[in-house]
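Note: the block below is work-v8.tsv and it holds TSV, C-alpha atoms and all ligand atoms.
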chain	number	residue	atom	x	y	z
A	1	MET	CA	-66.77	10.54	23.72
A	2	PRO	CA	-64.96	9.64	26.95
A	3	ASN	CA	-62.51	6.85	26.25
A	4	PRO	CA	-60.99	5.36	29.44
A	5	ALA	CA	-58.75	2.94	27.49
A	6	ARG	CA	-57.25	5.82	25.52
A	7	ASP	CA	-56.73	7.88	28.68
A	8	ALA	CA	-55.07	4.89	30.36
A	9	LEU	CA	-52.72	4.52	27.37
A	10	ILE	CA	-51.79	8.22	27.59
A	11	ALA	CA	-51.17	7.90	31.32
A	12	ARG	CA	-48.88	4.89	31.07
A	13	LEU	CA	-46.82	5.86	28.02
A	14	PRO	CA	-43.34	7.13	28.84
A	15	LYS	CA	-42.84	10.51	27.20
A	16	ALA	CA	-40.46	13.43	26.83
A	17	GLU	CA	-41.50	17.05	27.15
A	18	LEU	CA	-39.56	19.27	24.75
A	19	HIS	CA	-41.35	22.62	25.02
A	20	LEU	CA	-41.78	23.82	28.57
A	21	HIS	CA	-40.93	27.29	29.87
A	22	ILE	CA	-40.03	26.76	33.51
A	23	GLU	CA	-41.30	30.26	34.39
A	24	GLY	CA	-44.60	29.23	32.79
A	25	SER	CA	-45.04	26.52	35.42
A	26	LEU	CA	-45.45	29.15	38.17
A	27	GLU	CA	-48.84	28.16	39.60
A	28	PRO	CA	-50.86	30.97	41.26
A	29	GLU	CA	-50.42	29.37	44.69
A	30	MET	CA	-46.64	29.44	44.21
A	31	LEU	CA	-46.84	33.03	42.98
A	32	PHE	CA	-48.47	33.95	46.30
A	33	ALA	CA	-46.05	31.92	48.40
A	34	PHE	CA	-42.98	33.43	46.71
A	35	ALA	CA	-44.45	36.95	46.87
A	36	ALA	CA	-45.02	36.54	50.62
A	37	ARG	CA	-41.59	35.15	51.45
A	38	ASN	CA	-39.81	37.71	49.25
A	39	ARG	CA	-42.06	40.61	50.29
A	40	VAL	CA	-43.03	41.39	46.71
A	41	VAL	CA	-46.40	43.12	46.28
A	42	ILE	CA	-48.63	41.54	43.63
A	43	PRO	CA	-51.86	43.12	42.36
A	44	PHE	CA	-54.12	40.13	43.16
A	45	ALA	CA	-56.19	39.21	46.23
A	46	SER	CA	-56.23	35.43	45.75
A	47	ALA	CA	-55.06	32.56	43.57
A	48	ASP	CA	-58.56	32.43	42.07
A	49	ALA	CA	-58.30	36.12	41.15
A	50	VAL	CA	-55.00	35.35	39.43
A	51	ARG	CA	-56.59	32.53	37.44
A	52	ALA	CA	-59.48	34.80	36.45
A	53	ALA	CA	-56.94	37.26	35.00
A	54	TYR	CA	-55.56	34.56	32.70
A	55	ASP	CA	-57.92	35.43	29.87
A	56	PHE	CA	-55.72	36.14	26.87
A	57	SER	CA	-56.55	37.40	23.36
A	58	ASN	CA	-53.11	36.76	21.87
A	59	LEU	CA	-49.48	35.99	22.68
A	60	GLN	CA	-48.60	39.53	23.80
A	61	ASP	CA	-51.52	39.63	26.25
A	62	PHE	CA	-50.10	36.52	27.90
A	63	LEU	CA	-46.48	37.67	27.82
A	64	ASP	CA	-47.35	40.89	29.67
A	65	ILE	CA	-48.69	38.84	32.61
A	66	TYR	CA	-45.99	36.16	32.33
A	67	TYR	CA	-43.19	38.73	32.73
A	68	GLN	CA	-45.04	40.33	35.68
A	69	GLY	CA	-45.29	36.94	37.37
A	70	MET	CA	-41.51	36.50	37.18
A	71	ALA	CA	-41.09	39.42	39.60
A	72	VAL	CA	-41.62	37.05	42.56
A	73	LEU	CA	-38.65	34.85	41.56
A	74	LEU	CA	-35.62	36.23	43.37
A	75	THR	CA	-33.57	33.58	45.14
A	76	GLU	CA	-31.87	30.35	44.13
A	77	GLN	CA	-34.41	28.54	46.34
A	78	ASP	CA	-37.28	30.10	44.34
A	79	PHE	CA	-35.88	28.68	41.11
A	80	TYR	CA	-35.26	25.35	42.81
A	81	ASP	CA	-38.81	25.12	44.21
A	82	LEU	CA	-40.35	26.19	40.89
A	83	THR	CA	-38.42	23.56	38.95
A	84	TRP	CA	-38.92	20.82	41.53
A	85	ALA	CA	-42.70	21.38	41.55
A	86	TYR	CA	-42.74	21.03	37.77
A	87	LEU	CA	-40.66	17.83	37.87
A	88	GLU	CA	-42.94	16.20	40.45
A	89	ARG	CA	-45.94	17.08	38.29
A	90	ALA	CA	-44.16	15.77	35.18
A	91	ALA	CA	-43.31	12.50	36.94
A	92	ALA	CA	-47.02	12.00	37.66
A	93	ASP	CA	-47.59	12.19	33.87
A	94	ASN	CA	-44.89	9.58	33.23
A	95	VAL	CA	-42.51	12.10	31.70
A	96	ARG	CA	-39.08	10.45	31.58
A	97	HIS	CA	-37.07	13.26	29.96
A	98	VAL	CA	-37.50	17.04	29.91
A	99	GLU	CA	-35.91	19.74	27.81
A	100	ILE	CA	-36.85	22.91	29.61
A	101	PHE	CA	-36.53	26.53	28.55
A	102	PHE	CA	-35.57	29.37	30.82
A	103	ASP	CA	-35.54	33.11	30.06
A	104	PRO	CA	-32.37	34.54	31.69
A	105	GLN	CA	-33.08	38.05	30.43
A	106	GLY	CA	-36.38	38.05	32.31
A	107	HIS	CA	-34.35	37.74	35.50
A	108	THR	CA	-30.98	39.43	34.92
A	109	ASP	CA	-32.81	42.59	33.76
A	110	ARG	CA	-34.43	42.64	37.25
A	111	GLY	CA	-31.08	42.33	38.98
A	112	VAL	CA	-31.16	38.57	39.64
A	113	ALA	CA	-27.76	37.07	38.83
A	114	PHE	CA	-27.47	34.54	35.99
A	115	GLY	CA	-25.80	32.08	38.40
A	116	THR	CA	-28.68	32.34	40.90
A	117	VAL	CA	-31.17	31.33	38.21
A	118	LEU	CA	-29.03	28.56	36.76
A	119	ASN	CA	-27.97	27.10	40.12
A	120	GLY	CA	-31.56	26.84	41.37
A	121	ILE	CA	-32.96	25.29	38.20
A	122	GLU	CA	-30.05	22.91	37.76
A	123	ARG	CA	-30.04	21.70	41.37
A	124	ALA	CA	-33.69	20.70	41.01
A	125	LEU	CA	-32.98	19.02	37.66
A	126	LEU	CA	-30.13	17.01	39.22
A	127	ASP	CA	-32.39	16.00	42.12
A	128	GLY	CA	-35.05	15.07	39.54
A	129	GLU	CA	-32.56	12.83	37.79
A	130	ALA	CA	-31.54	11.13	41.07
A	131	GLN	CA	-34.93	10.90	42.79
A	132	LEU	CA	-37.51	10.86	39.97
A	133	ARG	CA	-35.35	9.30	37.25
A	134	ILE	CA	-36.20	12.11	34.83
A	135	SER	CA	-33.25	13.06	32.59
A	136	TYR	CA	-32.93	16.60	31.30
A	137	ARG	CA	-31.50	19.14	28.92
A	138	LEU	CA	-31.52	22.86	29.70
A	139	ILE	CA	-32.22	25.42	26.97
A	140	MET	CA	-31.57	29.12	27.41
A	141	CYS	CA	-33.92	31.32	25.38
A	142	PHE	CA	-33.24	34.77	24.00
A	143	LEU	CA	-36.12	37.24	24.24
A	144	ARG	CA	-36.79	38.23	20.64
A	145	HIS	CA	-38.47	41.54	21.48
A	146	LEU	CA	-35.05	42.68	22.71
A	147	SER	CA	-32.07	43.38	20.44
A	148	GLU	CA	-29.59	40.88	19.08
A	149	GLU	CA	-26.92	42.86	20.93
A	150	ARG	CA	-28.68	42.05	24.21
A	151	ALA	CA	-28.88	38.38	23.19
A	152	MET	CA	-25.13	38.45	22.48
A	153	ALA	CA	-24.49	39.94	25.92
A	154	THR	CA	-26.61	37.17	27.46
A	155	LEU	CA	-24.63	34.50	25.60
A	156	ALA	CA	-21.42	36.12	26.86
A	157	GLU	CA	-22.82	36.11	30.41
A	158	ALA	CA	-23.65	32.41	30.01
A	159	THR	CA	-20.21	31.46	28.70
A	160	PRO	CA	-18.66	30.63	32.11
A	161	TYR	CA	-21.56	28.20	32.65
A	162	ILE	CA	-21.72	26.86	29.12
A	163	GLY	CA	-21.03	23.22	30.01
A	164	ARG	CA	-24.21	23.24	32.09
A	165	ILE	CA	-26.45	24.57	29.31
A	166	HIS	CA	-27.31	22.33	26.38
A	167	GLY	CA	-29.03	24.59	23.90
A	168	VAL	CA	-30.41	27.98	22.98
A	169	GLY	CA	-33.91	28.91	21.90
A	170	LEU	CA	-35.81	32.01	20.83
A	171	ASP	CA	-39.07	33.08	22.42
A	172	SER	CA	-41.33	36.05	23.34
A	173	SER	CA	-43.21	38.36	20.91
A	174	GLU	CA	-42.94	36.79	17.48
A	175	ILE	CA	-44.50	39.17	14.98
A	176	GLY	CA	-42.07	41.90	13.94
A	177	HIS	CA	-39.12	39.98	15.39
A	178	PRO	CA	-38.13	37.47	12.68
A	179	PRO	CA	-35.47	34.83	13.22
A	180	SER	CA	-33.17	36.74	10.82
A	181	LYS	CA	-32.70	39.32	13.60
A	182	PHE	CA	-30.75	36.69	15.59
A	183	ALA	CA	-28.62	35.01	12.90
A	184	THR	CA	-25.29	36.14	14.37
A	185	VAL	CA	-25.97	35.07	17.96
A	186	PHE	CA	-27.30	31.69	16.84
A	187	ALA	CA	-24.17	31.17	14.72
A	188	LYS	CA	-22.07	31.93	17.79
A	189	ALA	CA	-24.13	29.54	19.95
A	190	GLY	CA	-23.68	26.85	17.29
A	191	GLU	CA	-19.90	27.39	17.38
A	192	LEU	CA	-20.03	26.83	21.14
A	193	GLY	CA	-21.54	23.40	20.45
A	194	LEU	CA	-25.02	24.25	21.72
A	195	HIS	CA	-28.20	22.71	20.32
A	196	LEU	CA	-30.42	25.19	18.49
A	197	THR	CA	-34.19	25.60	18.45
A	198	ALA	CA	-36.57	28.54	17.96
A	199	HIS	CA	-40.23	29.44	18.33
A	200	ALA	CA	-41.59	30.07	14.84
A	201	GLY	CA	-44.98	29.93	13.17
A	202	GLU	CA	-46.95	30.34	16.39
A	203	GLU	CA	-48.31	33.72	15.29
A	204	GLY	CA	-45.67	34.50	12.68
A	205	PRO	CA	-45.85	33.47	8.99
A	206	PRO	CA	-44.35	30.37	7.35
A	207	GLU	CA	-41.45	32.56	6.24
A	208	TYR	CA	-40.31	32.76	9.89
A	209	VAL	CA	-40.14	28.94	9.98
A	210	ARG	CA	-37.97	28.98	6.84
A	211	GLU	CA	-35.74	31.65	8.34
A	212	ALA	CA	-35.32	29.63	11.54
A	213	LEU	CA	-34.21	26.63	9.46
A	214	ASP	CA	-32.05	28.49	6.94
A	215	LEU	CA	-30.61	31.40	8.92
A	216	LEU	CA	-30.56	30.09	12.49
A	217	ARG	CA	-29.92	26.47	11.45
A	218	VAL	CA	-32.22	25.15	14.17
A	219	GLU	CA	-32.68	21.42	14.74
A	220	ARG	CA	-36.35	21.74	15.61
A	221	ILE	CA	-39.18	24.27	15.53
A	222	ASP	CA	-41.21	25.26	18.57
A	223	HIS	CA	-44.90	25.46	17.58
A	224	GLY	CA	-44.67	25.66	13.77
A	225	ASN	CA	-48.46	25.71	13.32
A	226	ARG	CA	-48.41	28.16	10.42
A	227	ALA	CA	-45.96	26.01	8.43
A	228	LEU	CA	-49.06	24.15	7.26
A	229	GLU	CA	-49.99	27.18	5.13
A	230	ASP	CA	-47.03	26.46	2.84
A	231	PRO	CA	-47.04	23.06	1.05
A	232	ALA	CA	-43.39	23.30	-0.04
A	233	LEU	CA	-42.38	23.97	3.55
A	234	VAL	CA	-44.42	20.97	4.71
A	235	THR	CA	-42.55	18.78	2.21
A	236	ARG	CA	-39.28	20.09	3.56
A	237	LEU	CA	-40.23	19.45	7.21
A	238	VAL	CA	-41.16	15.88	6.29
A	239	ASP	CA	-38.05	15.26	4.16
A	240	GLU	CA	-35.67	16.71	6.74
A	241	GLU	CA	-37.53	15.06	9.65
A	242	ILE	CA	-37.80	18.32	11.57
A	243	THR	CA	-39.57	17.92	14.91
A	244	LEU	CA	-42.33	20.41	15.71
A	245	THR	CA	-43.06	20.94	19.41
A	246	VAL	CA	-46.78	21.74	19.31
A	247	CYS	CA	-48.67	23.00	22.38
A	248	PRO	CA	-52.42	22.37	21.92
A	249	LEU	CA	-53.89	23.97	25.08
A	250	SER	CA	-51.53	26.94	24.68
A	251	ASN	CA	-52.76	27.37	21.12
A	252	VAL	CA	-56.37	27.56	22.35
A	253	ARG	CA	-55.63	29.94	25.23
A	254	LEU	CA	-53.55	32.28	23.04
A	255	CYS	CA	-56.18	32.22	20.25
A	256	VAL	CA	-53.74	30.68	17.76
A	257	ILE	CA	-56.65	28.31	17.01
A	258	ASP	CA	-60.39	28.78	17.62
A	259	ASP	CA	-60.84	25.62	19.65
A	260	ILE	CA	-59.09	22.35	20.40
A	261	ALA	CA	-60.82	20.62	17.47
A	262	ALA	CA	-58.84	22.98	15.20
A	263	SER	CA	-55.50	21.69	16.55
A	264	PRO	CA	-53.12	20.87	13.67
A	265	VAL	CA	-51.78	17.75	15.44
A	266	ARG	CA	-53.75	15.20	13.46
A	267	MET	CA	-53.08	16.94	10.16
A	268	MET	CA	-49.36	17.00	10.95
A	269	LEU	CA	-49.38	13.28	11.80
A	270	ASP	CA	-51.25	12.52	8.57
A	271	LEU	CA	-48.73	14.55	6.57
A	272	GLY	CA	-45.80	12.66	8.12
A	273	ILE	CA	-44.48	15.57	10.18
A	274	LYS	CA	-42.63	14.67	13.40
A	275	VAL	CA	-45.06	16.40	15.74
A	276	THR	CA	-44.85	16.27	19.54
A	277	ILE	CA	-47.24	17.32	22.33
A	278	ASN	CA	-46.15	19.79	25.00
A	279	ALA	CA	-47.55	22.07	27.71
A	280	ASP	CA	-45.62	25.31	26.96
A	281	ASP	CA	-46.69	27.28	30.08
A	282	PRO	CA	-48.93	24.87	32.00
A	283	ALA	CA	-49.74	27.18	34.94
A	284	TYR	CA	-51.19	29.72	32.51
A	285	PHE	CA	-52.86	27.47	29.95
A	286	GLY	CA	-54.79	25.02	32.08
A	287	GLY	CA	-52.89	21.79	31.73
A	288	TYR	CA	-49.73	19.70	31.89
A	289	VAL	CA	-48.55	17.35	29.18
A	290	ASN	CA	-51.06	14.53	29.71
A	291	ASP	CA	-53.89	17.10	29.79
A	292	ASN	CA	-52.66	18.19	26.36
A	293	PHE	CA	-52.52	14.60	25.10
A	294	ARG	CA	-56.04	13.88	26.36
A	295	ALA	CA	-57.46	17.11	24.92
A	296	VAL	CA	-56.20	16.46	21.39
A	297	ALA	CA	-56.83	12.71	21.49
A	298	HIS	CA	-60.43	13.37	22.48
A	299	ALA	CA	-61.12	16.32	20.15
A	300	LEU	CA	-59.40	14.79	17.11
A	301	GLY	CA	-60.31	11.15	17.75
A	302	LEU	CA	-56.69	10.03	17.67
A	303	SER	CA	-56.06	6.30	17.40
A	304	ALA	CA	-53.86	4.37	19.84
A	305	ALA	CA	-51.21	4.13	17.10
A	306	GLN	CA	-51.23	7.91	16.67
A	307	ILE	CA	-50.89	8.49	20.42
A	308	VAL	CA	-47.96	6.06	20.52
A	309	ALA	CA	-46.38	7.87	17.55
A	310	LEU	CA	-46.58	11.17	19.46
A	311	ALA	CA	-44.79	9.62	22.44
A	312	GLU	CA	-42.13	8.08	20.17
A	313	ASN	CA	-41.64	11.42	18.40
A	314	SER	CA	-41.02	13.11	21.74
A	315	PHE	CA	-37.92	10.99	22.31
A	316	ALA	CA	-36.83	10.88	18.66
A	317	GLY	CA	-36.91	14.69	18.51
A	318	SER	CA	-35.04	15.19	21.78
A	319	PHE	CA	-31.40	16.13	22.21
A	320	LEU	CA	-30.64	12.73	23.78
A	321	SER	CA	-28.01	10.41	22.29
A	322	ASP	CA	-29.17	7.90	19.66
A	323	ALA	CA	-28.67	5.05	22.15
A	324	ASP	CA	-30.83	6.77	24.79
A	325	LYS	CA	-33.49	7.59	22.20
A	326	ALA	CA	-33.63	3.95	21.12
A	327	GLN	CA	-33.97	2.77	24.72
A	328	HIS	CA	-36.82	5.17	25.46
A	329	ILE	CA	-38.62	4.33	22.22
A	330	ALA	CA	-38.40	0.63	23.06
A	331	ALA	CA	-39.97	1.46	26.45
A	332	VAL	CA	-42.80	3.34	24.71
A	333	ARG	CA	-43.50	0.30	22.53
A	334	GLU	CA	-43.43	-2.01	25.52
A	335	ALA	CA	-45.88	0.20	27.45
A	336	ALA	CA	-48.15	0.38	24.38
A	337	ALA	CA	-48.26	-3.38	23.81
A	401	LIG	N1	-42.62	32.54	26.26
A	401	LIG	C1	-43.31	31.70	27.06
A	401	LIG	N2	-44.25	31.07	26.36
A	401	LIG	C2	-44.16	31.50	25.08
A	401	LIG	C3	-44.85	31.20	23.88
A	401	LIG	N3	-45.85	30.32	23.82
A	401	LIG	N4	-44.49	31.85	22.76
A	401	LIG	C4	-43.49	32.73	22.79
A	401	LIG	N5	-42.80	33.05	23.88
A	401	LIG	C5	-43.14	32.43	25.02
A	402	ZN	ZN	-43.19	28.34	24.11
Would you mind writing the file out in structure tokens?
Amino acid sequence: MPNPARDALIARLPKAELHLHIEGSLEPEMLFAFAARNRVVIPFASADAVRAAYDFSNLQDFLDIYYQGMAVLLTEQDFYDLTWAYLERAAADNVRHVEIFFDPQGHTDRGVAFGTVLNGIERALLDGEAQLRISYRLIMCFLRHLSEERAMATLAEATPYIGRIHGVGLDSSEIGHPPSKFATVFAKAGELGLHLTAHAGEEGPPEYVREALDLLRVERIDHGNRALEDPALVTRLVDEEITLTVCPLSNVRLCVIDDIAASPVRMMLDLGIKVTINADDPAYFGGYVNDNFRAVAHALGLSAAQIVALAENSFAGSFLSDADKAQHIAAVREAAA
């Protein structure tokens, strides 16, 4: 049932987005514009043809197209424009804080320098802070289908810039690439003082979520859907107040769930898990963060209190200071009242 009051609540609540791959915000129109200005040939006739190709059966299907799309990103200005477009869109959804992922290996392996990527993304984030009043953290992901040695080399490449990067994550093809494969590089990142997070339990089994917690020592889990298959793991997530960054429209488009009504968000809230709502790769999955909020609120019949809890969780689970978290959570409560 349409519910304008609920949609208005979603629109006005301040929120943080904790699971957003900046390369996944490359809208088809931008793909064309960057391809034209960089003289990169892409195998599509129009933005509509690109959208029609976004019909995925699983994570790998999507990743194959996602890595192809990156080929148009070459200059610092490309990374700036990509990030700025996302921030403007996020501001329209009342996002007040973002923790965005980037995939350096997707660029350095194509000959784009690490500094080019970082400078472009960061310049937009700094402008977003000044002009849109959106604070940020930047999280560098390792591609898990590549070796741990390659991840180590990427961390070494990042070391001169380390004060400008706040955390590391783990993404790409999950099955067959367990967190245990990356224990050494995560330990090293932890020693450098970086925050730690990892994709786990999107397609992979609950054991991967355990490994991420025990072997990588992550502070939160990206996705985590399949943790619900393991009651002892659920108890642990609740007891340790581990934040899960769930991505409902992504889950539908990657066939992690059959339809939006099968989203685990309500179950997680009922169990006492610190679940948050995120867009993942909005250009590919048909919606930004408020679209995700509306989709689950509608399909699962979430109450106003549950929607407010999701917004509070987004700040509580962020890498902000305790004082900043408290200030944002107070603002959520004020907007909800
Ligand atoms: N890279 C970009 N989006 C991803 C996702 N949903 N899972 C794993 N790797 C990704
Ligand atoms: Zn993701």
*Show which residues sit within 12 Å of Ile165 of chain A, as a list of chain:residue names. Count all atoms listed in the file, and ignore same-chain residues fewer than 5 positions away.*
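Residues meeting the cut-off are A:Glu99, A:Ile100, A:Phe101, A:Phe102, A:Pro104, A:Gly115, A:Leu118, A:Asn119, A:Ile121, A:Glu122, A:Leu125, A:Tyr136, A:Arg137, A:Leu138, A:Ile139, A:Met140, A:Cys141, A:Leu155, A:Ala158, A:Thr159, A:Pro160, A:Ala189, A:Leu192, A:Gly193, A:Leu194, A:His195, A:Leu196.
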_With distances taken over only C-alpha atoms, which residue among A:Thr83, A:Gln131, A:Thr75, A:Gln60 lies nearest Phe114 of chain A?_
A:Thr75
Give, as lines of an AutoDock Vina configuration file, the centre coordinates and the x, y and z edge lengths in Å to one decimal for an axis-aligned box around all listed atoms of ligand LIG 401 (chain A), padded by 5 Å on each side.
center_x = -44.2
center_y = 31.7
center_z = 24.9
size_x = 13.2
size_y = 12.7
size_z = 14.3
*asked:* Residues contacting ligand ZN 402 (chain A) - anything with an atom at most 9 Å away, using all atoms listed in the file - can you give me those as an NGL selection string?
replied: :A and (19-21 or 24 or 101 or 170-172 or 199 or 202 or 222-223 or 245-247 or 250 or 279-281)
*Counting only C-alpha atoms, figure out which residue out of A:Pro28, A:Pro14, A:Pro248, A:Gly190 gets nearest to His166 of chain A.*
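The shortest atom-to-atom distance to His166 of chain A comes from A:Gly190.
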*Would you mind reading off the distance between atom CA of Glu240 of chain A and atom CA of Val308 of chain A, one decimal, in Å?*
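Going from atom CA of Glu240 of chain A over to atom CA of Val308 of chain A, I get 21.3 Å.
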*Minimum-distance residue to Ile242 of chain A, chosen among A:Ile277, A:Val41, A:Ile257, A:Thr197 (using only C-alpha atoms)*: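 Of the candidates, the smallest distance to Ile242 of chain A is held by A:Thr197.
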*Which residue, A:Ala5, A:Leu237, A:Ala187, A:Val50, has the smallest gap to Tyr284 of chain A when you use all atoms listed in the file?*
A:Val50
*atom CA of Leu146 of chain A to atom CA of Val168 of chain A: how many Å, to one decimal?*
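Separation between atom CA of Leu146 of chain A and atom CA of Val168 of chain A: 15.4 Å.
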*Shell of 9 Å around Ala91 of chain A, only C-alpha atoms, local chain residues under 5 positions omitted, as a list in words*: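 In the requested format, the answer is Tyr86, Arg96, Leu132, Arg133 and Ile134 of chain A.
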_Calculated over only C-alpha atoms and all ligand atoms, which of the candidates A:Ala316, A:Val252, A:Ala113, A:Leu213 has the smallest distance to ligand LIG 401 (chain A)?_
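Distance minimum relative to ligand LIG 401 (chain A) lands on A:Val252.
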_Pick from A:Ala304, A:Ala261, A:Ala336, A:Ile221, whichever lies nearest to ligand LIG 401 (chain A) using only C-alpha atoms and all ligand atoms_ =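 For ligand LIG 401 (chain A), the nearest of the given residues is A:Ile221.
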*Show which residues sit within 12 Å of Phe293 of chain A, as a ChimeraX atom specification. Count only C-alpha atoms, and ignore same-chain residues fewer than 5 positions away.*
/A:6-13,15,17,93,246-249,260,263,265-266,276-279,287-288,298-304,306-311
*Can you list, as a ChimeraX atom specification, every protein, DNA or RNA residue that comes within 10 Å of Phe32 of chain A when you count all atoms listed in the file, leaving out same-chain residues fewer than 2 positions away?*
/A:26-30,34-38,40-42,44-47,50,69,72
_Please list, as a list in words, the residues that have an atom at most 9 Å away from (-54.8, 31.6, 19.7) in the coordinates of this file, counting all atoms listed in the file._
Phe56, Ser57, Asn58, Leu59, Glu202, Glu203, Ser250, Asn251, Val252, Arg253, Leu254, Cys255, Val256, Ile257, Asp258 and Asp259 of chain A
Please save C-alpha atoms of the selected residues as a compact mmCIF listing (two decimals), keeping the file's coordinate frame.
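New file selection-v1.txt:
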# COMPACT_ATOMS: atom_id res chain seq x y z
CA PHE A 56 -55.72 36.14 26.87
CA SER A 57 -56.55 37.40 23.36
CA ASN A 58 -53.11 36.76 21.87
CA LEU A 59 -49.48 35.99 22.68
CA GLU A 202 -46.95 30.34 16.39
CA GLU A 203 -48.31 33.72 15.29
CA SER A 250 -51.53 26.94 24.68
CA ASN A 251 -52.76 27.37 21.12
CA VAL A 252 -56.37 27.56 22.35
CA ARG A 253 -55.63 29.94 25.23
CA LEU A 254 -53.55 32.28 23.04
CA CYS A 255 -56.18 32.22 20.25
CA VAL A 256 -53.74 30.68 17.76
CA ILE A 257 -56.65 28.31 17.01
CA ASP A 258 -60.39 28.78 17.62
CA ASP A 259 -60.84 25.62 19.65
*Can you work out the spacing between atom CA of Phe142 of chain A and atom CA of Val218 of chain A in Å, to one decimal?*
13.8 Å
*Excluding Pro231 of chain A and residues on its chain fewer than 4 positions from it, collect all residues at most 12 Å away from it, counting all atoms listed in the file, and give them as number ranges by chain.*
A: 206, 226-227, 235-238, 268, 271
